[in-house]
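A.B. asks: What follows is coords_30.cif, made up of mmCIF, C-alpha atoms and all ligand atoms; chains and numbers go by the auth columns:
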```
data_run
#
loop_
_atom_site.group_PDB
_atom_site.id
_atom_site.type_symbol
_atom_site.label_atom_id
_atom_site.label_comp_id
_atom_site.label_asym_id
_atom_site.label_seq_id
_atom_site.Cartn_x
_atom_site.Cartn_y
_atom_site.Cartn_z
_atom_site.B_iso_or_equiv
_atom_site.auth_seq_id
_atom_site.auth_asym_id
ATOM 1 C CA MET A 1 -22.610 193.635 124.721 0.00 1 A
ATOM 2 C CA ARG A 2 -19.911 193.087 127.379 0.00 2 A
ATOM 3 C CA THR A 3 -18.857 196.762 127.142 0.00 3 A
ATOM 4 C CA LYS A 4 -22.486 197.779 127.525 0.00 4 A
ATOM 5 C CA LEU A 5 -22.823 195.639 130.709 0.00 5 A
ATOM 6 C CA PHE A 6 -19.555 197.103 132.023 0.00 6 A
ATOM 7 C CA ALA A 7 -20.782 200.680 131.346 0.00 7 A
ATOM 8 C CA ILE A 8 -24.120 200.018 133.142 0.00 8 A
ATOM 9 C CA SER A 9 -22.342 198.588 136.215 0.00 9 A
ATOM 10 C CA VAL A 10 -20.013 201.660 136.382 0.00 10 A
ATOM 11 C CA VAL A 11 -23.058 203.968 136.322 0.00 11 A
ATOM 12 C CA LEU A 12 -24.776 201.891 139.032 0.00 12 A
ATOM 13 C CA ILE A 13 -21.679 202.006 141.254 0.00 13 A
ATOM 14 C CA ALA A 14 -21.425 205.806 140.679 0.00 14 A
ATOM 15 C CA VAL A 15 -25.086 206.257 141.638 0.00 15 A
ATOM 16 C CA ALA A 16 -24.624 203.980 144.682 0.00 16 A
ATOM 17 C CA LEU A 17 -21.519 205.968 145.772 0.00 17 A
ATOM 18 C CA TYR A 18 -23.399 209.260 145.270 0.00 18 A
ATOM 19 C CA ALA A 19 -26.448 207.941 147.139 0.00 19 A
ATOM 20 C CA ASN A 20 -24.166 206.847 149.953 0.00 20 A
ATOM 21 C CA HIS A 21 -22.465 210.265 149.911 0.00 21 A
ATOM 22 C CA ALA A 22 -25.825 212.074 149.912 0.00 22 A
ATOM 23 C CA ASN A 23 -26.944 209.987 152.939 0.00 23 A
ATOM 24 C CA THR A 24 -23.682 210.850 154.669 0.00 24 A
ATOM 25 C CA VAL A 25 -24.214 214.618 154.182 0.00 25 A
ATOM 26 C CA VAL A 26 -27.755 214.395 155.505 0.00 26 A
ATOM 27 C CA ALA A 27 -26.561 212.305 158.445 0.00 27 A
ATOM 28 C CA GLN A 28 -23.935 214.945 159.275 0.00 28 A
ATOM 29 C CA THR A 29 -26.345 217.877 159.282 0.00 29 A
ATOM 30 C CA THR A 30 -29.042 216.128 161.253 0.00 30 A
ATOM 31 C CA ALA A 31 -26.832 214.365 163.793 0.00 31 A
ATOM 32 C CA PRO A 32 -28.879 213.822 166.969 0.00 32 A
ATOM 33 C CA CYS A 33 -28.366 216.373 169.745 0.00 33 A
ATOM 34 C CA THR A 34 -26.656 214.488 172.553 0.00 34 A
ATOM 35 C CA VAL A 35 -25.916 216.447 175.728 0.00 35 A
ATOM 36 C CA GLY A 36 -22.181 216.612 176.298 0.00 36 A
ATOM 37 C CA HIS A 37 -21.340 215.515 172.757 0.00 37 A
ATOM 38 C CA THR A 38 -23.220 217.698 170.293 0.00 38 A
ATOM 39 C CA SER A 39 -25.442 219.671 172.651 0.00 39 A
ATOM 40 C CA PRO A 40 -24.869 221.744 175.812 0.00 40 A
ATOM 41 C CA SER A 41 -26.654 221.002 179.085 0.00 41 A
ATOM 42 C CA THR A 42 -28.871 223.664 180.633 0.00 42 A
ATOM 43 C CA GLY A 43 -29.128 225.222 184.073 0.00 43 A
ATOM 44 C CA PHE A 44 -27.683 228.709 183.732 0.00 44 A
ATOM 45 C CA TRP A 45 -29.779 231.731 184.671 0.00 45 A
ATOM 46 C CA THR A 46 -32.084 233.014 181.954 0.00 46 A
ATOM 47 C CA TRP A 47 -33.835 236.117 180.712 0.00 47 A
ATOM 48 C CA PRO A 48 -37.545 235.824 181.538 0.00 48 A
ATOM 49 C CA ALA A 49 -39.527 234.390 178.616 0.00 49 A
ATOM 50 C CA ASN A 50 -40.941 237.027 176.227 0.00 50 A
ATOM 51 C CA SER A 51 -38.197 239.495 177.245 0.00 51 A
ATOM 52 C CA ILE A 52 -36.795 242.247 175.042 0.00 52 A
ATOM 53 C CA VAL A 53 -33.051 242.461 175.599 0.00 53 A
ATOM 54 C CA ASN A 54 -31.276 245.685 174.610 0.00 54 A
ATOM 55 C CA ILE A 55 -27.655 245.162 173.590 0.00 55 A
ATOM 56 C CA TYR A 56 -25.037 247.917 173.953 0.00 56 A
ATOM 57 C CA VAL A 57 -21.313 247.971 173.142 0.00 57 A
ATOM 58 C CA ARG A 58 -19.250 250.236 175.335 0.00 58 A
ATOM 59 C CA ASP A 59 -17.245 252.976 173.684 0.00 59 A
ATOM 60 C CA PRO A 60 -14.217 253.433 173.728 0.00 60 A
ATOM 61 C CA ASP A 61 -13.686 249.786 174.798 0.00 61 A
ATOM 62 C CA PHE A 62 -14.703 248.774 171.268 0.00 62 A
ATOM 63 C CA SER A 63 -14.715 250.449 167.851 0.00 63 A
ATOM 64 C CA GLU A 64 -17.410 250.360 165.141 0.00 64 A
ATOM 65 C CA ASP A 65 -16.041 247.200 163.458 0.00 65 A
ATOM 66 C CA TYR A 66 -16.316 245.267 166.744 0.00 66 A
ATOM 67 C CA ALA A 67 -19.840 246.647 167.250 0.00 67 A
ATOM 68 C CA ALA A 68 -20.760 245.368 163.780 0.00 68 A
ATOM 69 C CA ALA A 69 -19.371 241.948 164.735 0.00 69 A
ATOM 70 C CA VAL A 70 -21.607 241.874 167.829 0.00 70 A
ATOM 71 C CA ARG A 71 -24.661 242.736 165.712 0.00 71 A
ATOM 72 C CA ILE A 72 -24.249 239.480 163.701 0.00 72 A
ATOM 73 C CA ALA A 73 -24.612 237.208 166.757 0.00 73 A
ATOM 74 C CA VAL A 74 -27.409 239.383 168.191 0.00 74 A
ATOM 75 C CA GLN A 75 -29.458 239.148 164.992 0.00 75 A
ATOM 76 C CA ASN A 76 -28.936 235.362 164.771 0.00 76 A
ATOM 77 C CA TRP A 77 -30.171 234.789 168.324 0.00 77 A
ATOM 78 C CA ASP A 78 -33.059 237.232 167.794 0.00 78 A
ATOM 79 C CA ALA A 79 -34.095 235.278 164.701 0.00 79 A
ATOM 80 C CA ALA A 80 -34.291 232.125 166.847 0.00 80 A
ATOM 81 C CA ALA A 81 -36.684 233.637 169.446 0.00 81 A
ATOM 82 C CA ALA A 82 -39.746 231.592 168.450 0.00 82 A
ATOM 83 C CA GLU A 83 -37.947 228.415 167.391 0.00 83 A
ATOM 84 C CA SER A 84 -35.982 228.303 170.675 0.00 84 A
ATOM 85 C CA GLY A 85 -39.227 228.565 172.647 0.00 85 A
ATOM 86 C CA SER A 86 -37.956 231.528 174.710 0.00 86 A
ATOM 87 C CA ASN A 87 -39.584 234.297 172.707 0.00 87 A
ATOM 88 C CA VAL A 88 -36.681 236.426 173.944 0.00 88 A
ATOM 89 C CA HIS A 89 -35.901 239.143 171.389 0.00 89 A
ATOM 90 C CA PHE A 90 -32.511 240.864 171.211 0.00 90 A
ATOM 91 C CA ILE A 91 -32.278 244.442 169.929 0.00 91 A
ATOM 92 C CA PHE A 92 -28.922 245.886 168.931 0.00 92 A
ATOM 93 C CA HIS A 93 -28.314 249.525 169.906 0.00 93 A
ATOM 94 C CA GLY A 94 -24.604 249.853 169.030 0.00 94 A
ATOM 95 C CA LEU A 95 -21.975 251.934 170.815 0.00 95 A
ATOM 96 C CA THR A 96 -22.685 253.610 174.156 0.00 96 A
ATOM 97 C CA LEU A 97 -20.551 255.679 176.546 0.00 97 A
ATOM 98 C CA ALA A 98 -22.148 254.274 179.725 0.00 98 A
ATOM 99 C CA THR A 99 -22.876 250.801 181.108 0.00 99 A
ATOM 100 C CA LYS A 100 -26.662 250.224 181.081 0.00 100 A
ATOM 101 C CA THR A 101 -28.355 248.558 184.072 0.00 101 A
ATOM 102 C CA GLY A 102 -32.031 248.942 183.238 0.00 102 A
ATOM 103 C CA GLN A 103 -34.399 245.956 182.904 0.00 103 A
ATOM 104 C CA GLY A 104 -33.344 243.850 179.937 0.00 104 A
ATOM 105 C CA ASP A 105 -30.073 245.727 179.330 0.00 105 A
ATOM 106 C CA LEU A 106 -26.850 243.961 178.323 0.00 106 A
ATOM 107 C CA THR A 107 -23.622 245.947 177.939 0.00 107 A
ATOM 108 C CA ILE A 108 -20.384 244.567 176.453 0.00 108 A
ATOM 109 C CA THR A 109 -17.185 245.913 178.018 0.00 109 A
ATOM 110 C CA ARG A 110 -13.482 245.081 178.110 0.00 110 A
ATOM 111 C CA GLY A 111 -11.786 243.610 181.162 0.00 111 A
ATOM 112 C CA GLU A 112 -9.167 241.208 182.438 0.00 112 A
ATOM 113 C CA THR A 113 -10.885 237.814 182.351 0.00 113 A
ATOM 114 C CA TYR A 114 -8.245 235.395 181.066 0.00 114 A
ATOM 115 C CA ASP A 115 -5.877 235.586 183.998 0.00 115 A
ATOM 116 C CA ARG A 116 -8.754 235.383 186.478 0.00 116 A
ATOM 117 C CA LYS A 117 -10.966 232.772 184.832 0.00 117 A
ATOM 118 C CA ARG A 118 -8.926 231.317 181.921 0.00 118 A
ATOM 119 C CA HIS A 119 -11.840 232.490 179.796 0.00 119 A
ATOM 120 C CA LEU A 120 -11.741 234.984 176.954 0.00 120 A
ATOM 121 C CA ALA A 121 -15.008 236.421 178.220 0.00 121 A
ATOM 122 C CA PHE A 122 -17.771 235.863 180.745 0.00 122 A
ATOM 123 C CA LEU A 123 -21.374 236.814 181.363 0.00 123 A
ATOM 124 C CA GLU A 124 -22.055 238.756 184.571 0.00 124 A
ATOM 125 C CA ALA A 125 -25.792 238.238 185.119 0.00 125 A
ATOM 126 C CA HIS A 126 -27.756 240.222 187.730 0.00 126 A
ATOM 127 C CA SER A 127 -30.964 238.781 189.200 0.00 127 A
ATOM 128 C CA LEU A 128 -32.485 241.417 191.493 0.00 128 A
ATOM 129 C CA GLN A 129 -35.045 238.952 192.905 0.00 129 A
ATOM 130 C CA SER A 130 -32.384 236.211 193.249 0.00 130 A
ATOM 131 C CA ASN A 131 -34.780 233.982 191.337 0.00 131 A
ATOM 132 C CA ARG A 132 -32.319 232.979 188.534 0.00 132 A
ATOM 133 C CA LEU A 133 -34.137 235.324 186.190 0.00 133 A
ATOM 134 C CA ILE A 134 -31.795 237.894 184.665 0.00 134 A
ATOM 135 C CA ASP A 135 -32.717 241.571 185.038 0.00 135 A
ATOM 136 C CA TYR A 136 -29.615 243.033 183.396 0.00 136 A
ATOM 137 C CA ALA A 137 -26.188 241.731 182.445 0.00 137 A
ATOM 138 C CA LEU A 138 -22.673 242.542 181.314 0.00 138 A
ATOM 139 C CA VAL A 139 -20.423 240.612 178.988 0.00 139 A
ATOM 140 C CA ILE A 140 -16.791 241.246 179.908 0.00 140 A
ATOM 141 C CA VAL A 141 -14.346 240.508 177.089 0.00 141 A
ATOM 142 C CA ASP A 142 -10.631 240.002 177.617 0.00 142 A
ATOM 143 C CA VAL A 143 -8.073 242.267 175.948 0.00 143 A
ATOM 144 C CA ARG A 144 -6.690 239.169 174.168 0.00 144 A
ATOM 145 C CA VAL A 145 -9.691 239.216 171.844 0.00 145 A
ATOM 146 C CA LYS A 146 -8.165 241.059 168.915 0.00 146 A
ATOM 147 C CA ASN A 147 -10.329 239.823 166.041 0.00 147 A
ATOM 148 C CA PRO A 148 -13.916 241.078 165.497 0.00 148 A
ATOM 149 C CA GLU A 149 -14.913 237.645 164.133 0.00 149 A
ATOM 150 C CA VAL A 150 -13.922 236.102 167.465 0.00 150 A
ATOM 151 C CA LEU A 151 -16.162 238.633 169.215 0.00 151 A
ATOM 152 C CA THR A 152 -19.063 237.362 167.081 0.00 152 A
ATOM 153 C CA ASN A 153 -18.276 233.811 168.296 0.00 153 A
ATOM 154 C CA ILE A 154 -18.034 235.054 171.894 0.00 154 A
ATOM 155 C CA MET A 155 -21.422 236.801 171.702 0.00 155 A
ATOM 156 C CA ALA A 156 -23.020 233.706 170.118 0.00 156 A
ATOM 157 C CA HIS A 157 -21.698 231.841 173.199 0.00 157 A
ATOM 158 C CA GLU A 158 -22.524 234.383 175.937 0.00 158 A
ATOM 159 C CA LEU A 159 -26.076 234.998 174.654 0.00 159 A
ATOM 160 C CA GLY A 160 -26.452 231.200 174.784 0.00 160 A
ATOM 161 C CA HIS A 161 -25.518 231.382 178.480 0.00 161 A
ATOM 162 C CA SER A 162 -28.187 234.059 179.038 0.00 162 A
ATOM 163 C CA LEU A 163 -30.797 231.628 177.668 0.00 163 A
ATOM 164 C CA GLY A 164 -29.846 228.869 180.109 0.00 164 A
ATOM 165 C CA LEU A 165 -27.070 227.042 178.236 0.00 165 A
ATOM 166 C CA MET A 166 -23.973 225.765 180.047 0.00 166 A
ATOM 167 C CA ASP A 167 -20.437 225.425 178.644 0.00 167 A
ATOM 168 C CA CYS A 168 -19.748 222.225 176.710 0.00 168 A
ATOM 169 C CA TYR A 169 -15.986 221.638 176.634 0.00 169 A
ATOM 170 C CA GLN A 170 -16.307 218.099 175.221 0.00 170 A
ATOM 171 C CA CYS A 171 -18.750 219.040 172.470 0.00 171 A
ATOM 172 C CA SER A 172 -17.385 218.992 168.942 0.00 172 A
ATOM 173 C CA ARG A 173 -16.758 222.544 167.813 0.00 173 A
ATOM 174 C CA LYS A 174 -19.223 222.778 164.953 0.00 174 A
ATOM 175 C CA THR A 175 -22.312 221.491 166.781 0.00 175 A
ATOM 176 C CA THR A 176 -22.796 224.166 169.420 0.00 176 A
ATOM 177 C CA ALA A 177 -21.914 227.774 170.256 0.00 177 A
ATOM 178 C CA MET A 178 -21.128 226.585 173.817 0.00 178 A
ATOM 179 C CA SER A 179 -17.809 224.914 173.063 0.00 179 A
ATOM 180 C CA LEU A 180 -14.548 226.679 173.884 0.00 180 A
ATOM 181 C CA LEU A 181 -12.644 229.067 171.648 0.00 181 A
ATOM 182 C CA LYS A 182 -8.996 228.205 171.107 0.00 182 A
ATOM 183 C CA THR A 183 -7.518 231.708 171.047 0.00 183 A
ATOM 184 C CA GLY A 184 -8.578 235.357 171.000 0.00 184 A
ATOM 185 C CA THR A 185 -7.599 235.663 167.353 0.00 185 A
ATOM 186 C CA GLU A 186 -8.835 232.377 165.813 0.00 186 A
ATOM 187 C CA PRO A 187 -12.584 232.388 164.971 0.00 187 A
ATOM 188 C CA ASN A 188 -14.534 229.096 165.213 0.00 188 A
ATOM 189 C CA GLY A 189 -17.122 229.944 162.556 0.00 189 A
ATOM 190 C CA ILE A 190 -20.093 229.804 164.962 0.00 190 A
ATOM 191 C CA GLU A 191 -22.074 233.060 164.609 0.00 191 A
ATOM 192 C CA GLY A 192 -25.298 232.126 166.371 0.00 192 A
ATOM 193 C CA PRO A 193 -27.336 229.221 167.758 0.00 193 A
ATOM 194 C CA THR A 194 -26.963 225.792 166.117 0.00 194 A
ATOM 195 C CA PRO A 195 -29.978 223.456 165.809 0.00 195 A
ATOM 196 C CA CYS A 196 -28.822 221.669 168.981 0.00 196 A
ATOM 197 C CA ASP A 197 -28.514 225.009 170.844 0.00 197 A
ATOM 198 C CA LYS A 198 -32.094 225.919 169.896 0.00 198 A
ATOM 199 C CA SER A 199 -33.471 222.611 171.120 0.00 199 A
ATOM 200 C CA ALA A 200 -31.472 222.943 174.351 0.00 200 A
ATOM 201 C CA VAL A 201 -32.950 226.427 174.948 0.00 201 A
ATOM 202 C CA LEU A 202 -36.403 224.966 174.253 0.00 202 A
ATOM 203 C CA ALA A 203 -35.790 222.429 177.024 0.00 203 A
ATOM 204 C CA ALA A 204 -34.547 225.180 179.374 0.00 204 A
ATOM 205 C CA TYR A 205 -37.657 227.343 178.884 0.00 205 A
ATOM 206 C CA ARG A 206 -39.996 224.382 179.201 0.00 206 A
ATOM 207 C CA GLU A 207 -38.302 223.629 182.529 0.00 207 A
ATOM 208 C CA LEU A 208 -38.584 227.295 183.516 0.00 208 A
ATOM 209 C CA ALA A 209 -42.316 227.359 182.717 0.00 209 A
ATOM 210 C CA LEU A 210 -42.795 224.328 184.987 0.00 210 A
ATOM 211 C CA HIS A 211 -41.142 226.129 187.901 0.00 211 A
ATOM 212 C CA LEU A 212 -42.348 229.669 187.160 0.00 212 A
ATOM 213 C CA PRO A 213 -45.720 229.315 185.360 0.00 213 A
ATOM 214 C CA SER A 214 -45.994 233.126 185.274 0.00 214 A
ATOM 215 C CA THR A 215 -43.109 233.144 182.802 0.00 215 A
ATOM 216 C CA ALA A 216 -44.934 230.976 180.254 0.00 216 A
ATOM 217 C CA VAL A 217 -44.144 231.888 176.662 0.00 217 A
ATOM 218 C CA THR A 218 -46.558 233.898 174.503 0.00 218 A
ATOM 219 C CA LEU A 219 -45.221 233.260 171.041 0.00 219 A
ATOM 220 C CA ASP A 220 -45.765 236.550 169.226 0.00 220 A
ATOM 221 C CA LYS A 221 -43.638 239.483 168.180 0.00 221 A
ATOM 222 C CA PRO A 222 -43.015 242.101 170.938 0.00 222 A
ATOM 223 C CA SER A 223 -44.910 245.351 170.314 0.00 223 A
ATOM 224 C CA GLY A 224 -43.293 248.217 168.481 0.00 224 A
ATOM 225 C CA GLN A 225 -41.011 246.083 166.248 0.00 225 A
HETATM 226 ZN ZN ZN B . -19.033 229.933 178.632 0.00 301 A
#
```
Once more with this new file: its structure as C-alpha cells, please.
Ligand SMILES: [Zn+2]
C.D. replies:
Amino acid sequence: MRTKLFAISVVLIAVALYANHANTVVAQTTAPCTVGHTSPSTGFWTWPANSIVNIYVRDPDFSEDYAAAVRIAVQNWDAAAAESGSNVHFIFHGLTLATKTGQGDLTITRGETYDRKRHLAFLEAHSLQSNRLIDYALVIVDVRVKNPEVLTNIMAHELGHSLGLMDCYQCSRKTTAMSLLKTGTEPNGIEGPTPCDKSAVLAAYRELALHLPSTAVTLDKPSGQ
C-alpha cells in the first residue's frame, strides 16, 4: 500500500513538472511584444502599402549561393504580406548586372559600410516625393559579410527597415530581426520576420494609413502572381 502511494505521488510530481515545463515553453513562444525589449519601434520610411517589390542581387558582387541566401529572407517577408498588414509583396529576381532604380526595385550590392557606419549593411531608401514612401532602394553589404547565412539575416533585417521597423540594439536576439549581428561570419538564426516584427509592421502601416489614407491596404494578392 505504501509503495503504491509512493508510486502515485512520483507520477503526480512528474505530471506537475511536465505541466510546468509545458507552460514554460508556451510562455517563451508567446512572450508579449514589448518595444525595446522583444519588439522594434517603428518610424523608418516604408514601401507604399500594396506594393510589389522586385529584389535583385548584383553580379559579380555576389555569387549564386549568396543569391539563394537572399531568396530565403525575401520569401519569408513575402509570406507575411497579409499578416503584417502591409500587403507588400516581395518578388525575387536573382542576379543582375545593373543596379535597378525603377518603381519598387531593390538591388543588393557590395560596399564599404563597416568603417563608415559600424554596420555590416544598410538600406539606402529613395523617396522621390520626399514623403517617406520608398520608390526604390539599395541594400549595401560590407565586404566583411563572408557567410551566405549571415546575408539571409541581413536581408531579414533590411527588409524590416523597408517596412518601417527601426533597429533594436537592446532587444534579445531571438525575438526580432532588428537586433544587431555580432560578426559578418556568425549567423543569428533569424531568416525572416518574427511574430513581434509582424505586429510592429502592422502598427506602422496602420499609422501610415492614418496619415496617408490613399495608401490604405487592400488585402488581396497582387495580379499576375
Ligand atoms: Zn538596421
A.B. asks: Please measure the separation of CA of Ala69 (chain A) and CA of Gly192 (chain A), giving the value in Å to one decimal.
C.D. replies: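 Between CA of Ala69 (chain A) and CA of Gly192 (chain A) the gap works out to 11.6 Å.
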A.B. asks: Could you build a table of the residues in chain A lying no more than 7 Å from ligand ZN 301 (chain A), giving for each the nearest pair of atoms and their separation in Å rounded to one decimal place, using only C-alpha atoms and all ligand atoms, ordered by chain and ascending residue number, as JSON lines?
C.D. replies:
```
{"residue": "A:Phe122", "atom": "CA", "partner": "A:ZN301", "partner_atom": "ZN", "distance": 6.4}
{"residue": "A:His157", "atom": "CA", "partner": "A:ZN301", "partner_atom": "ZN", "distance": 6.3}
{"residue": "A:Glu158", "atom": "CA", "partner": "A:ZN301", "partner_atom": "ZN", "distance": 6.3}
{"residue": "A:His161", "atom": "CA", "partner": "A:ZN301", "partner_atom": "ZN", "distance": 6.6}
{"residue": "A:Met166", "atom": "CA", "partner": "A:ZN301", "partner_atom": "ZN", "distance": 6.6}
{"residue": "A:Asp167", "atom": "CA", "partner": "A:ZN301", "partner_atom": "ZN", "distance": 4.7}
{"residue": "A:Met178", "atom": "CA", "partner": "A:ZN301", "partner_atom": "ZN", "distance": 6.2}
```
A.B. asks: With C-alpha atoms retained, write the just-selected residues as an mmCIF file, in the coordinates of the input.
C.D. replies:
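To be explicit, this is the file written out as again23.cif:
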```cif
data_model
loop_
_atom_site.group_PDB
_atom_site.id
_atom_site.type_symbol
_atom_site.label_atom_id
_atom_site.label_comp_id
_atom_site.auth_asym_id
_atom_site.auth_seq_id
_atom_site.Cartn_x
_atom_site.Cartn_y
_atom_site.Cartn_z
ATOM 1 C CA PHE A 122 -17.771 235.863 180.745
ATOM 2 C CA HIS A 157 -21.698 231.841 173.199
ATOM 3 C CA GLU A 158 -22.524 234.383 175.937
ATOM 4 C CA HIS A 161 -25.518 231.382 178.480
ATOM 5 C CA MET A 166 -23.973 225.765 180.047
ATOM 6 C CA ASP A 167 -20.437 225.425 178.644
ATOM 7 C CA MET A 178 -21.128 226.585 173.817
#
```
A.B. asks: With only C-alpha atoms as the basis for distance, which of A:Lys198, A:Lys100, A:His211, A:Arg58 is at the shortest distance from Glu83 (chain A)?
C.D. replies: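 The closest residue to Glu83 (chain A) is A:Lys198.
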A.B. asks: If the PyMOL selection byres (((chain A and resi 32-48) around 9) and not hetatm) were run on this exact file, what residues would it hold? Put them as an mmCIF file with C-alpha atoms, keeping the file's coordinate frame.
C.D. replies:
```
data_model
loop_
_atom_site.group_PDB
_atom_site.id
_atom_site.type_symbol
_atom_site.label_atom_id
_atom_site.label_comp_id
_atom_site.auth_asym_id
_atom_site.auth_seq_id
_atom_site.Cartn_x
_atom_site.Cartn_y
_atom_site.Cartn_z
ATOM 1 C CA ALA A 27 -26.561 212.305 158.445
ATOM 2 C CA THR A 30 -29.042 216.128 161.253
ATOM 3 C CA ALA A 31 -26.832 214.365 163.793
ATOM 4 C CA ALA A 49 -39.527 234.390 178.616
ATOM 5 C CA ASN A 50 -40.941 237.027 176.227
ATOM 6 C CA SER A 51 -38.197 239.495 177.245
ATOM 7 C CA ILE A 52 -36.795 242.247 175.042
ATOM 8 C CA VAL A 53 -33.051 242.461 175.599
ATOM 9 C CA SER A 86 -37.956 231.528 174.710
ATOM 10 C CA VAL A 88 -36.681 236.426 173.944
ATOM 11 C CA GLY A 104 -33.344 243.850 179.937
ATOM 12 C CA ALA A 125 -25.792 238.238 185.119
ATOM 13 C CA SER A 127 -30.964 238.781 189.200
ATOM 14 C CA ASN A 131 -34.780 233.982 191.337
ATOM 15 C CA ARG A 132 -32.319 232.979 188.534
ATOM 16 C CA LEU A 133 -34.137 235.324 186.190
ATOM 17 C CA ILE A 134 -31.795 237.894 184.665
ATOM 18 C CA ASP A 135 -32.717 241.571 185.038
ATOM 19 C CA TYR A 136 -29.615 243.033 183.396
ATOM 20 C CA HIS A 161 -25.518 231.382 178.480
ATOM 21 C CA SER A 162 -28.187 234.059 179.038
ATOM 22 C CA LEU A 163 -30.797 231.628 177.668
ATOM 23 C CA GLY A 164 -29.846 228.869 180.109
ATOM 24 C CA LEU A 165 -27.070 227.042 178.236
ATOM 25 C CA MET A 166 -23.973 225.765 180.047
ATOM 26 C CA ASP A 167 -20.437 225.425 178.644
ATOM 27 C CA CYS A 168 -19.748 222.225 176.710
ATOM 28 C CA TYR A 169 -15.986 221.638 176.634
ATOM 29 C CA GLN A 170 -16.307 218.099 175.221
ATOM 30 C CA CYS A 171 -18.750 219.040 172.470
ATOM 31 C CA SER A 172 -17.385 218.992 168.942
ATOM 32 C CA ARG A 173 -16.758 222.544 167.813
ATOM 33 C CA LYS A 174 -19.223 222.778 164.953
ATOM 34 C CA THR A 175 -22.312 221.491 166.781
ATOM 35 C CA THR A 176 -22.796 224.166 169.420
ATOM 36 C CA ALA A 177 -21.914 227.774 170.256
ATOM 37 C CA MET A 178 -21.128 226.585 173.817
ATOM 38 C CA SER A 179 -17.809 224.914 173.063
ATOM 39 C CA PRO A 195 -29.978 223.456 165.809
ATOM 40 C CA CYS A 196 -28.822 221.669 168.981
ATOM 41 C CA ASP A 197 -28.514 225.009 170.844
ATOM 42 C CA SER A 199 -33.471 222.611 171.120
ATOM 43 C CA ALA A 200 -31.472 222.943 174.351
ATOM 44 C CA VAL A 201 -32.950 226.427 174.948
ATOM 45 C CA ALA A 203 -35.790 222.429 177.024
ATOM 46 C CA ALA A 204 -34.547 225.180 179.374
ATOM 47 C CA TYR A 205 -37.657 227.343 178.884
ATOM 48 C CA LEU A 208 -38.584 227.295 183.516
ATOM 49 C CA THR A 215 -43.109 233.144 182.802
ATOM 50 C CA ALA A 216 -44.934 230.976 180.254
#
```
A.B. asks: Measure the distance from CA of Asn54 (chain A) to CA of Ile154 (chain A) in Å and round it to one decimal.
C.D. replies: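 About the pair CA of Asn54 (chain A) and CA of Ile154 (chain A): they are 17.2 Å apart.
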A.B. asks: To one decimal place in Å, what is the distance between CA of Lys182 (chain A) and CA of Leu202 (chain A)?
C.D. replies: 27.8 Å
A.B. asks: Considering only C-alpha atoms, can you say which of A:Gly160, A:Leu123, A:Ile55, A:Arg71 comes closest to His93 (chain A)?
C.D. replies: A:Ile55
A.B. asks: Which residue, A:Asp105, A:Asp115, A:Asp65, A:Asp59, has the smallest gap to Val150 (chain A) when you use only C-alpha atoms?
C.D. replies: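 Checking each candidate against Val150 (chain A), we get A:Asp65 as the closest.
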A.B. asks: Can you tell me which residues surround Gly189 (chain A) at a distance of at most 8 Å, considering all atoms listed in the file, apart from same-chain residues fewer than 2 positions away, and format the answer as a list in words?
C.D. replies: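 Surrounding residues, per the criterion: Asn153, Lys174, Pro187 and Glu191 of chain A.
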A.B. asks: Restricted to C-alpha atoms, what would the selected residues look like written as a compact mmCIF listing (two decimals), keeping the file's coordinate frame?
C.D. replies:
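What follows is the written file again.txt:
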```txt
# COMPACT_ATOMS: atom_id res chain seq x y z
CA ASN A 153 -18.28 233.81 168.30
CA LYS A 174 -19.22 222.78 164.95
CA PRO A 187 -12.58 232.39 164.97
CA GLU A 191 -22.07 233.06 164.61
```
A.B. asks: Looking at all atoms listed in the file, which of A:His89, A:His126, A:His119, A:Arg206 is the one that sits closest to Asp142 (chain A)?
C.D. replies: A:His119
A.B. asks: Output, as lines of an AutoDock Vina configuration file, the centre and edge lengths in Å (one decimal) of the axis-aligned box that contains all listed atoms of region 58-64 of chain A with 3 Å of margin on each side.
C.D. replies:
```
center_x = -16.5
center_y = 251.1
center_z = 170.2
size_x = 11.6
size_y = 10.7
size_z = 16.2
```
A.B. asks: Quick check on the file I pasted: which residues fall under the PyMOL selection byres (((chain A and resi 73) around 6) and not hetatm)? Write them as a PyMOL selection string.
C.D. replies: chain A and resi 70-72+74-76+152+155-156+191-192
A.B. asks: Can you pull out every residue within 12 Å of Gly111 (chain A), counting only C-alpha atoms, but drop anything in the same chain fewer than 6 positions away, and send it as a PyMOL selection string?
C.D. replies: chain A and resi 58+61-62+117+119-124+138-145
